[in-house]
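Enquirer: Contents of start.cif (mmCIF, C-alpha atoms):
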data_upload
loop_
_atom_site.group_PDB
_atom_site.id
_atom_site.type_symbol
_atom_site.label_atom_id
_atom_site.label_comp_id
_atom_site.auth_asym_id
_atom_site.auth_seq_id
_atom_site.Cartn_x
_atom_site.Cartn_y
_atom_site.Cartn_z
ATOM 1 C CA MET A 21 22.371 20.339 -14.918
ATOM 2 C CA GLU A 22 19.163 21.733 -16.365
ATOM 3 C CA ALA A 23 17.634 18.235 -16.341
ATOM 4 C CA ASN A 24 18.492 17.815 -12.658
ATOM 5 C CA HIS A 25 16.938 21.182 -11.863
ATOM 6 C CA ALA A 26 13.735 20.182 -13.665
ATOM 7 C CA LEU A 27 13.695 16.879 -11.771
ATOM 8 C CA LEU A 28 14.067 18.606 -8.396
ATOM 9 C CA ALA A 29 11.413 21.174 -9.271
ATOM 10 C CA ALA A 30 8.991 18.416 -10.271
ATOM 11 C CA ALA A 31 9.766 16.503 -7.079
ATOM 12 C CA ALA A 32 9.057 19.590 -4.963
ATOM 13 C CA ALA A 33 5.798 20.208 -6.825
ATOM 14 C CA GLY A 34 4.803 16.584 -6.255
ATOM 15 C CA LEU A 35 5.446 16.835 -2.521
ATOM 16 C CA LEU A 36 3.431 20.044 -2.263
ATOM 17 C CA THR A 37 0.598 18.321 -4.121
ATOM 18 C CA ALA A 38 0.598 15.456 -1.624
ATOM 19 C CA PHE A 39 0.522 17.926 1.286
ATOM 20 C CA ALA A 40 -2.285 19.859 -0.421
ATOM 21 C CA ILE A 41 -4.354 16.663 -0.422
ATOM 22 C CA ALA A 42 -3.451 15.871 3.188
ATOM 23 C CA LEU A 43 -4.625 19.161 4.718
ATOM 24 C CA PRO A 44 -8.316 19.135 3.648
ATOM 25 C CA THR A 45 -8.473 15.408 4.342
ATOM 26 C CA TRP A 46 -7.254 16.095 7.877
ATOM 27 C CA LEU A 47 -9.952 18.761 8.308
ATOM 28 C CA ALA A 48 -12.568 16.282 7.106
ATOM 29 C CA SER A 49 -11.277 13.715 9.612
ATOM 30 C CA LEU A 50 -11.828 16.199 12.439
ATOM 31 C CA ALA A 51 -15.439 16.719 11.402
ATOM 32 C CA LEU A 52 -15.996 12.972 11.058
ATOM 33 C CA ARG A 53 -13.862 12.095 14.099
ATOM 34 C CA ASP A 54 -12.320 9.412 11.928
ATOM 35 C CA ALA A 55 -8.583 9.554 11.207
ATOM 36 C CA SER A 56 -8.811 6.371 9.158
ATOM 37 C CA VAL A 57 -10.048 8.419 6.186
ATOM 38 C CA ALA A 58 -6.296 8.765 5.584
ATOM 39 C CA ASP A 59 -6.334 5.182 4.311
ATOM 40 C CA ARG A 60 -8.882 6.086 1.639
ATOM 41 C CA VAL A 61 -6.700 8.846 0.212
ATOM 42 C CA TRP A 62 -3.375 6.981 0.605
ATOM 43 C CA PRO A 63 -3.363 6.026 -3.114
ATOM 44 C CA ALA A 64 -3.816 9.705 -4.018
ATOM 45 C CA PHE A 65 -0.656 10.588 -2.099
ATOM 46 C CA VAL A 66 1.197 8.432 -4.628
ATOM 47 C CA ALA A 67 -0.801 8.992 -7.813
ATOM 48 C CA ALA A 68 -1.345 12.775 -7.665
ATOM 49 C CA PRO A 69 2.385 13.627 -7.549
ATOM 50 C CA ALA A 70 2.934 11.197 -10.437
ATOM 51 C CA LEU A 71 0.448 13.159 -12.531
ATOM 52 C CA VAL A 72 2.320 16.330 -11.632
ATOM 53 C CA TYR A 73 5.576 14.742 -12.844
ATOM 54 C CA ALA A 74 3.935 13.808 -16.149
ATOM 55 C CA TRP A 75 2.642 17.354 -16.552
ATOM 56 C CA ARG A 76 5.988 19.001 -15.799
ATOM 57 C CA LEU A 77 8.416 16.502 -17.324
ATOM 58 C CA GLY A 78 6.411 14.659 -19.962
ATOM 59 C CA ALA A 79 6.161 10.890 -20.356
ATOM 60 C CA ASP A 80 7.659 8.569 -22.956
ATOM 61 C CA ALA A 81 6.255 5.074 -23.625
ATOM 62 C CA ARG A 82 7.909 3.563 -20.524
ATOM 63 C CA ALA A 83 6.805 6.365 -18.212
ATOM 64 C CA LEU A 84 3.287 6.269 -19.641
ATOM 65 C CA ALA A 85 3.076 2.507 -19.042
ATOM 66 C CA MET A 86 4.271 3.010 -15.462
ATOM 67 C CA LEU A 87 1.805 5.829 -14.941
ATOM 68 C CA LEU A 88 -1.095 3.702 -16.181
ATOM 69 C CA ILE A 89 -0.089 0.863 -13.844
ATOM 70 C CA ALA A 90 0.174 3.283 -10.914
ATOM 71 C CA LEU A 91 -3.193 4.881 -11.695
ATOM 72 C CA ALA A 92 -4.854 1.458 -11.990
ATOM 73 C CA TRP A 93 -3.300 0.528 -8.639
ATOM 74 C CA ALA A 94 -4.498 3.776 -7.034
ATOM 75 C CA LEU A 95 -8.044 3.556 -8.409
ATOM 76 C CA ARG A 96 -8.484 -0.074 -7.382
ATOM 77 C CA LEU A 97 -7.059 0.380 -3.899
ATOM 78 C CA GLY A 98 -8.848 3.643 -3.181
ATOM 79 C CA LEU A 99 -12.235 2.256 -4.226
ATOM 80 C CA PHE A 100 -11.671 -1.017 -2.393
ATOM 81 C CA ILE A 101 -10.675 0.610 0.908
ATOM 82 C CA THR A 102 -13.575 3.068 0.702
ATOM 83 C CA TRP A 103 -16.044 0.234 0.034
ATOM 84 C CA ARG A 104 -14.551 -1.996 2.729
ATOM 85 C CA ASN A 105 -14.553 0.669 5.445
ATOM 86 C CA TRP A 106 -17.847 2.380 4.571
ATOM 87 C CA GLY A 107 -20.128 2.606 7.583
ATOM 88 C CA HIS A 108 -17.696 0.900 9.975
ATOM 89 C CA GLY A 109 -16.411 4.007 11.742
ATOM 90 C CA GLU A 110 -12.804 4.611 12.659
ATOM 91 C CA ASP A 111 -10.402 1.726 12.124
ATOM 92 C CA ARG A 112 -9.166 0.001 15.285
ATOM 93 C CA ARG A 113 -5.543 1.037 14.611
ATOM 94 C CA TYR A 114 -6.505 4.711 14.652
ATOM 95 C CA ARG A 115 -8.762 4.314 17.685
ATOM 96 C CA ASP A 116 -5.796 2.880 19.581
ATOM 97 C CA MET A 117 -3.670 5.818 18.428
ATOM 98 C CA ARG A 118 -6.373 8.267 19.528
ATOM 99 C CA GLU A 119 -6.475 6.700 22.982
ATOM 100 C CA ARG A 120 -2.686 6.792 23.343
ATOM 101 C CA HIS A 121 -2.403 10.472 22.445
ATOM 102 C CA GLY A 122 -5.443 11.661 24.372
ATOM 103 C CA PRO A 123 -7.223 14.987 23.778
ATOM 104 C CA GLY A 124 -4.348 16.342 21.690
ATOM 105 C CA PHE A 125 -4.740 13.710 19.015
ATOM 106 C CA ALA A 126 -6.860 15.963 16.783
ATOM 107 C CA LEU A 127 -3.900 18.276 16.163
ATOM 108 C CA LYS A 128 -1.243 15.567 16.401
ATOM 109 C CA SER A 129 -3.008 13.538 13.723
ATOM 110 C CA LEU A 130 -2.142 16.271 11.219
ATOM 111 C CA TYR A 131 1.543 15.326 11.295
ATOM 112 C CA LEU A 132 1.408 11.826 12.809
ATOM 113 C CA VAL A 133 -1.061 10.552 10.211
ATOM 114 C CA PHE A 134 -1.828 12.852 7.303
ATOM 115 C CA LEU A 135 1.404 14.720 6.592
ATOM 116 C CA LEU A 136 3.433 11.600 7.354
ATOM 117 C CA GLN A 137 1.380 9.510 4.935
ATOM 118 C CA ALA A 138 1.656 12.246 2.310
ATOM 119 C CA LEU A 139 5.452 12.192 2.693
ATOM 120 C CA LEU A 140 5.597 8.384 2.520
ATOM 121 C CA GLY A 141 3.325 8.325 -0.534
ATOM 122 C CA TRP A 142 5.584 10.848 -2.250
ATOM 123 C CA VAL A 143 8.618 8.632 -1.596
ATOM 124 C CA VAL A 144 6.788 5.537 -2.834
ATOM 125 C CA GLY A 145 6.167 7.332 -6.133
ATOM 126 C CA TRP A 146 9.863 8.006 -6.809
ATOM 127 C CA PRO A 147 10.164 5.359 -9.580
ATOM 128 C CA LEU A 148 7.715 7.397 -11.649
ATOM 129 C CA LEU A 149 9.746 10.545 -11.013
ATOM 130 C CA VAL A 150 12.910 8.834 -12.266
ATOM 131 C CA ALA A 151 11.186 7.390 -15.337
ATOM 132 C CA MET A 152 9.767 10.761 -16.350
ATOM 133 C CA GLY A 153 12.936 12.679 -15.539
ATOM 134 C CA ARG A 154 15.250 10.283 -17.435
ATOM 135 C CA ALA A 155 13.115 9.568 -20.478
ATOM 136 C CA GLY A 156 14.580 8.358 -23.755
ATOM 137 C CA ALA A 157 16.288 5.055 -22.935
ATOM 138 C CA ALA A 158 15.243 2.099 -25.083
ATOM 139 C CA TRP A 159 12.794 -0.430 -23.663
ATOM 140 C CA GLY A 160 14.777 -3.382 -22.388
ATOM 141 C CA LEU A 161 14.918 -6.411 -20.116
ATOM 142 C CA TRP A 162 14.430 -4.384 -16.932
ATOM 143 C CA ASP A 163 11.219 -2.999 -18.373
ATOM 144 C CA TRP A 164 9.766 -6.335 -19.452
ATOM 145 C CA ALA A 165 10.621 -7.919 -16.100
ATOM 146 C CA GLY A 166 9.343 -4.930 -14.141
ATOM 147 C CA ALA A 167 6.093 -4.634 -16.079
ATOM 148 C CA ALA A 168 5.394 -8.365 -15.664
ATOM 149 C CA LEU A 169 6.125 -8.180 -11.930
ATOM 150 C CA ALA A 170 4.009 -5.048 -11.395
ATOM 151 C CA LEU A 171 1.027 -6.338 -13.373
ATOM 152 C CA GLY A 172 1.283 -9.751 -11.707
ATOM 153 C CA GLY A 173 1.341 -8.076 -8.309
ATOM 154 C CA LEU A 174 -1.676 -5.931 -9.174
ATOM 155 C CA LEU A 175 -3.580 -9.020 -10.275
ATOM 156 C CA MET A 176 -2.580 -10.934 -7.137
ATOM 157 C CA GLU A 177 -3.694 -8.259 -4.679
ATOM 158 C CA THR A 178 -6.947 -7.769 -6.582
ATOM 159 C CA VAL A 179 -7.762 -11.483 -6.513
ATOM 160 C CA ALA A 180 -6.683 -11.843 -2.861
ATOM 161 C CA ASP A 181 -8.870 -8.930 -1.718
ATOM 162 C CA ALA A 182 -11.826 -10.298 -3.705
ATOM 163 C CA GLN A 183 -11.394 -13.771 -2.217
ATOM 164 C CA LEU A 184 -11.272 -12.404 1.330
ATOM 165 C CA ALA A 185 -14.280 -10.125 0.774
ATOM 166 C CA ARG A 186 -16.334 -13.039 -0.579
ATOM 167 C CA PHE A 187 -15.290 -15.206 2.373
ATOM 168 C CA ARG A 188 -16.354 -12.557 4.874
ATOM 169 C CA ARG A 189 -19.730 -12.029 3.228
ATOM 170 C CA ASP A 190 -20.725 -15.643 3.919
ATOM 171 C CA PRO A 191 -22.311 -15.890 7.414
ATOM 172 C CA ALA A 192 -21.201 -19.522 7.618
ATOM 173 C CA ASN A 193 -17.572 -18.324 7.771
ATOM 174 C CA ARG A 194 -18.050 -16.063 10.783
ATOM 175 C CA GLY A 195 -15.235 -16.654 13.258
ATOM 176 C CA GLN A 196 -13.375 -18.855 10.769
ATOM 177 C CA VAL A 197 -9.900 -18.271 9.342
ATOM 178 C CA MET A 198 -9.590 -17.569 5.638
ATOM 179 C CA ASP A 199 -7.191 -20.241 4.358
ATOM 180 C CA ARG A 200 -8.438 -20.780 0.824
ATOM 181 C CA GLY A 201 -7.332 -19.655 -2.611
ATOM 182 C CA LEU A 202 -4.254 -17.435 -2.458
ATOM 183 C CA TRP A 203 -4.636 -17.288 1.332
ATOM 184 C CA ARG A 204 -3.756 -20.969 1.513
ATOM 185 C CA CYS A 205 -0.146 -20.224 0.531
ATOM 186 C CA SER A 206 0.329 -16.838 2.213
ATOM 187 C CA ARG A 207 -1.265 -15.168 5.219
ATOM 188 C CA HIS A 208 -1.036 -11.841 3.369
ATOM 189 C CA PRO A 209 -1.079 -12.434 -0.401
ATOM 190 C CA ASN A 210 -2.532 -8.965 -0.940
ATOM 191 C CA TYR A 211 0.512 -7.411 0.740
ATOM 192 C CA PHE A 212 2.857 -9.586 -1.297
ATOM 193 C CA GLY A 213 1.106 -8.434 -4.465
ATOM 194 C CA GLU A 214 1.393 -4.824 -3.303
ATOM 195 C CA ALA A 215 5.143 -5.190 -2.828
ATOM 196 C CA CYS A 216 5.460 -6.742 -6.290
ATOM 197 C CA VAL A 217 3.771 -3.705 -7.863
ATOM 198 C CA TRP A 218 6.413 -1.349 -6.483
ATOM 199 C CA TRP A 219 9.387 -3.616 -7.062
ATOM 200 C CA GLY A 220 8.174 -3.961 -10.648
ATOM 201 C CA LEU A 221 7.899 -0.210 -11.124
ATOM 202 C CA GLY A 222 11.311 0.160 -9.500
ATOM 203 C CA LEU A 223 12.832 -2.198 -12.064
ATOM 204 C CA MET A 224 11.234 -0.231 -14.883
ATOM 205 C CA ALA A 225 12.693 2.968 -13.443
ATOM 206 C CA LEU A 226 16.126 1.332 -13.572
ATOM 207 C CA GLY A 227 15.520 0.770 -17.274
ATOM 208 C CA ALA A 228 15.139 4.544 -17.629
ATOM 209 C CA GLY A 229 17.725 5.898 -15.217
ATOM 210 C CA GLY A 230 20.232 3.061 -14.870
ATOM 211 C CA VAL A 231 22.552 3.153 -11.877
ATOM 212 C CA ALA A 232 22.071 6.910 -11.609
ATOM 213 C CA GLY A 233 18.400 6.321 -10.872
ATOM 214 C CA ALA A 234 18.886 3.466 -8.414
ATOM 215 C CA TRP A 235 17.980 5.778 -5.528
ATOM 216 C CA CYS A 236 14.336 5.262 -6.525
ATOM 217 C CA LEU A 237 14.574 1.703 -5.135
ATOM 218 C CA VAL A 238 14.031 3.365 -1.757
ATOM 219 C CA SER A 239 10.380 3.200 -2.849
ATOM 220 C CA PRO A 240 9.918 -0.602 -2.950
ATOM 221 C CA LEU A 241 12.220 -1.002 0.056
ATOM 222 C CA LEU A 242 10.071 1.424 2.040
ATOM 223 C CA MET A 243 6.862 -0.240 0.899
ATOM 224 C CA THR A 244 8.174 -3.677 1.873
ATOM 225 C CA VAL A 245 9.190 -2.451 5.339
ATOM 226 C CA LEU A 246 5.786 -0.807 5.826
ATOM 227 C CA LEU A 247 3.965 -3.959 4.768
ATOM 228 C CA LEU A 248 6.070 -6.296 6.885
ATOM 229 C CA ARG A 249 7.007 -4.292 9.971
ATOM 230 C CA VAL A 250 4.890 -1.163 10.387
ATOM 231 C CA SER A 251 1.272 -0.979 9.204
ATOM 232 C CA GLY A 252 1.003 -4.448 7.712
ATOM 233 C CA VAL A 253 1.819 -7.952 8.915
ATOM 234 C CA THR A 254 3.297 -7.105 12.320
ATOM 235 C CA LEU A 255 0.522 -4.714 13.333
ATOM 236 C CA LEU A 256 -2.351 -6.879 12.103
ATOM 237 C CA GLU A 257 -1.008 -10.015 13.757
ATOM 238 C CA LYS A 258 0.062 -8.370 17.022
ATOM 239 C CA ASP A 259 -2.771 -9.863 19.065
ATOM 240 C CA ILE A 260 -4.846 -11.787 16.563
ATOM 241 C CA GLY A 261 -3.748 -15.117 18.010
ATOM 242 C CA GLU A 262 -5.289 -14.112 21.352
ATOM 243 C CA ARG A 263 -8.514 -12.884 19.780
ATOM 244 C CA ARG A 264 -8.825 -15.815 17.370
ATOM 245 C CA PRO A 265 -7.070 -18.987 18.619
ATOM 246 C CA ALA A 266 -7.604 -20.774 15.286
ATOM 247 C CA TYR A 267 -5.295 -18.217 13.699
ATOM 248 C CA ARG A 268 -2.357 -19.688 15.636
ATOM 249 C CA ASP A 269 -2.728 -22.937 13.699
ATOM 250 C CA TYR A 270 -2.920 -20.947 10.486
ATOM 251 C CA VAL A 271 0.337 -19.182 11.389
ATOM 252 C CA ALA A 272 2.023 -22.505 12.122
ATOM 253 C CA ARG A 273 1.338 -23.899 8.657
ATOM 254 C CA THR A 274 1.259 -20.839 6.379
ATOM 255 C CA SER A 275 3.951 -18.482 5.118
ATOM 256 C CA ALA A 276 3.507 -14.937 6.423
ATOM 257 C CA PHE A 277 4.308 -13.121 3.180
ATOM 258 C CA PHE A 278 5.897 -15.040 0.306
ATOM 259 C CA PRO A 279 3.450 -17.522 -1.258
ATOM 260 C CA TRP A 280 4.558 -21.059 -0.434
ATOM 261 C CA PRO A 281 2.783 -24.411 -0.143
ATOM 262 C CA PRO A 282 1.445 -24.871 3.399
ATOM 263 C CA ARG A 283 3.390 -27.032 5.794
ATOM 264 C CA ARG A 284 2.162 -30.524 6.644
ATOM 265 C CA GLY A 285 -1.188 -30.432 8.370
ATOM 266 C CA GLY A 286 -2.215 -27.394 6.283
ATOM 267 C CA ALA A 287 -5.776 -26.729 5.317
ATOM 268 C CA ARG A 288 -7.409 -27.270 1.955
#
What does the file become when written as structure tokens?
Expert:
Amino acid sequence: MEANHALLAAAAAGLLTAFAIALPTWLASLALRDASVADRVWPAFVAAPALVYAWRLGADARALAMLLIALAWALRLGLFITWRNWGHGEDRRYRDMRERHGPGFALKSLYLVFLLQALLGWVVGWPLLVAMGRAGAAWGLWDWAGAALALGGLLMETVADAQLARFRRDPANRGQVMDRGLWRCSRHPNYFGEACVWWGLGLMALGAGGVAGAWCLVSPLLMTVLLLRVSGVTLLEKDIGERRPAYRDYVARTSAFFPWPPRRGGAR
């Protein structure tokens, strides 16, 4: 009973930490007139509560390994998004949202963007909460499999983002479709790698909490839904075929998410 109380108290502290990050970021977005700064702090909505859990609950070897993976994920993603978006103004997704909500968007963005993302980031970090709240179980098969999956996913999204950034820097590729490297076998290998990170951490959390901690698998399920149906594949590809006709051919031959050899007629 005492352990459950400590777990709930740590969870509440983590959520408050995420909200405490969201509020000043929202104020900064008003000054900048750029709600897409939320994307730059998204990793902090996950990582900061995890640090709170470690402080309040402690971390054994498994939890420490998970925390290091999560912090590496957060640092890489936060720096990459900041670098990618620097000097480009508000992202098109947020401009569309601003137009839909009209003059009231400044206030609405507090809960539609910043508090919502803080809440989602808190949920995504649940595997770390379980691992730190149920410490003591021996390292086992779930942990080896989860660590391999999470590290493999982190490597995949890092390589995929680097390949796309290099492709875009070359003026000769302007207007072309990136269908090389990892992008030859998946239209969104970075998103697939992202999902693998959280499924891997979810498996490691099962090694700590067993069936009693299976509720933390809401985290990778949520992340997968977000990547496939909300802010990821569906949103990015909503009208890209109209804006870039060559992308329709790419869609016809390339898996949307899971890496798979391209269908006949595929590119190099």
Enquirer: Suppose a student applies the PyMOL selection byres ((chain A and resi 121-131) around 12) to this structure; what residues should they get, written as a PyMOL selection string?
Expert: chain A and resi 39+41-58+114-120+132-140
Enquirer: Please identify all polymer residues within 12 Å of A:Arg154, counting all atoms listed in the file, omitting same-chain residues fewer than 2 positions from it, and present them as a VMD selection string.
Expert: chain A and resid 23 to 24 26 to 27 73 to 74 77 to 80 82 to 83 147 to 152 156 to 158 224 to 234
Enquirer: Evaluated on this file, the PyMOL selection byres ((chain A and resi 194-198) around 9) picks out some residues - which ones are they, written as a CSV table (one decimal) with C-alpha atoms, in the coordinates of the input?
Expert:
chain,number,residue,atom,x,y,z
A,183,GLN,CA,-11.4,-13.8,-2.2
A,184,LEU,CA,-11.3,-12.4,1.3
A,187,PHE,CA,-15.3,-15.2,2.4
A,188,ARG,CA,-16.4,-12.6,4.9
A,189,ARG,CA,-19.7,-12.0,3.2
A,190,ASP,CA,-20.7,-15.6,3.9
A,191,PRO,CA,-22.3,-15.9,7.4
A,192,ALA,CA,-21.2,-19.5,7.6
A,193,ASN,CA,-17.6,-18.3,7.8
A,199,ASP,CA,-7.2,-20.2,4.4
A,200,ARG,CA,-8.4,-20.8,0.8
A,201,GLY,CA,-7.3,-19.7,-2.6
A,203,TRP,CA,-4.6,-17.3,1.3
A,204,ARG,CA,-3.8,-21.0,1.5
A,207,ARG,CA,-1.3,-15.2,5.2
A,264,ARG,CA,-8.8,-15.8,17.4
A,266,ALA,CA,-7.6,-20.8,15.3
A,267,TYR,CA,-5.3,-18.2,13.7
A,270,TYR,CA,-2.9,-20.9,10.5
Enquirer: Taking the file as shown, find all residues satisfying the PyMOL selection byres ((chain A and resi 71) around 12) and write them as a count of residues only.
Expert: 35
Enquirer: Considering all atoms listed in the file, can you say which of A:Ala180, A:Cys205, A:Leu241, A:Ala32 comes closest to A:Arg273?
Expert: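 Residue with the minimum atom-to-atom distance to A:Arg273: A:Cys205.
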Enquirer: With distances taken over only C-alpha atoms, which residue among A:Arg60, A:Leu36, A:Val179, A:Glu214 lies nearest A:Trp93?
Expert: A:Glu214
Enquirer: With distances taken over all atoms listed in the file, which of A:Gly213, A:Pro240, A:Gly153, A:Gly141 is nearest to A:Leu171?
Expert: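 Counting all atoms listed in the file, the residue closest to A:Leu171 is A:Gly213.
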Enquirer: Between A:Val143, A:Ala29, A:Leu242, A:Arg113, which has the minimum distance to A:Glu257 (counting all atoms listed in the file)?
Expert: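 So, comparing all the options, the nearest one is A:Arg113.
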Enquirer: State, in Å with one decimal place, the distance from atom CA of A:Ala168 to atom CA of A:Ala182.
Expert: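 Atom CA of A:Ala182 lies at a distance of 21.1 Å from atom CA of A:Ala168.
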Enquirer: Let me make sure I understand: among A:Tyr211, A:Phe278, A:Trp146, A:Leu255, which one has the smallest atom-to-atom distance to A:Ser239 if we use all atoms listed in the file?
Expert: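 Closest to A:Ser239, using all atoms listed in the file: A:Trp146.
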Enquirer: Rounded to one decimal in Å, what is the spacing between atom CA of A:Ala170 and atom CA of A:Trp219?
Expert: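 Rounded to one decimal, the two atoms are 7.1 Å apart.
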Enquirer: Expressed in Å to a single decimal, how great is the separation between atom CA of A:Leu223 and atom CA of A:Trp162?
Expert: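 According to the coordinates, atom CA of A:Leu223 and atom CA of A:Trp162 are separated by 5.6 Å.
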Enquirer: Centre and edge lengths of an axis-aligned box around all listed atoms of stretch 91-105 of chain A, with 5 Å added on each side, are to be given in Å to one decimal, as JSON.
Expert:
{"center_x": -9.6, "center_y": 1.4, "center_z": -3.3, "size_x": 22.9, "size_y": 16.9, "size_z": 27.4}
Enquirer: Using all atoms listed in the file, can you tell me which of A:Asp111, A:Asp269, A:Asp163, A:Asp181 comes closest to A:Asp59?
Expert: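 Among the listed residues, A:Asp111 lies closest to A:Asp59.
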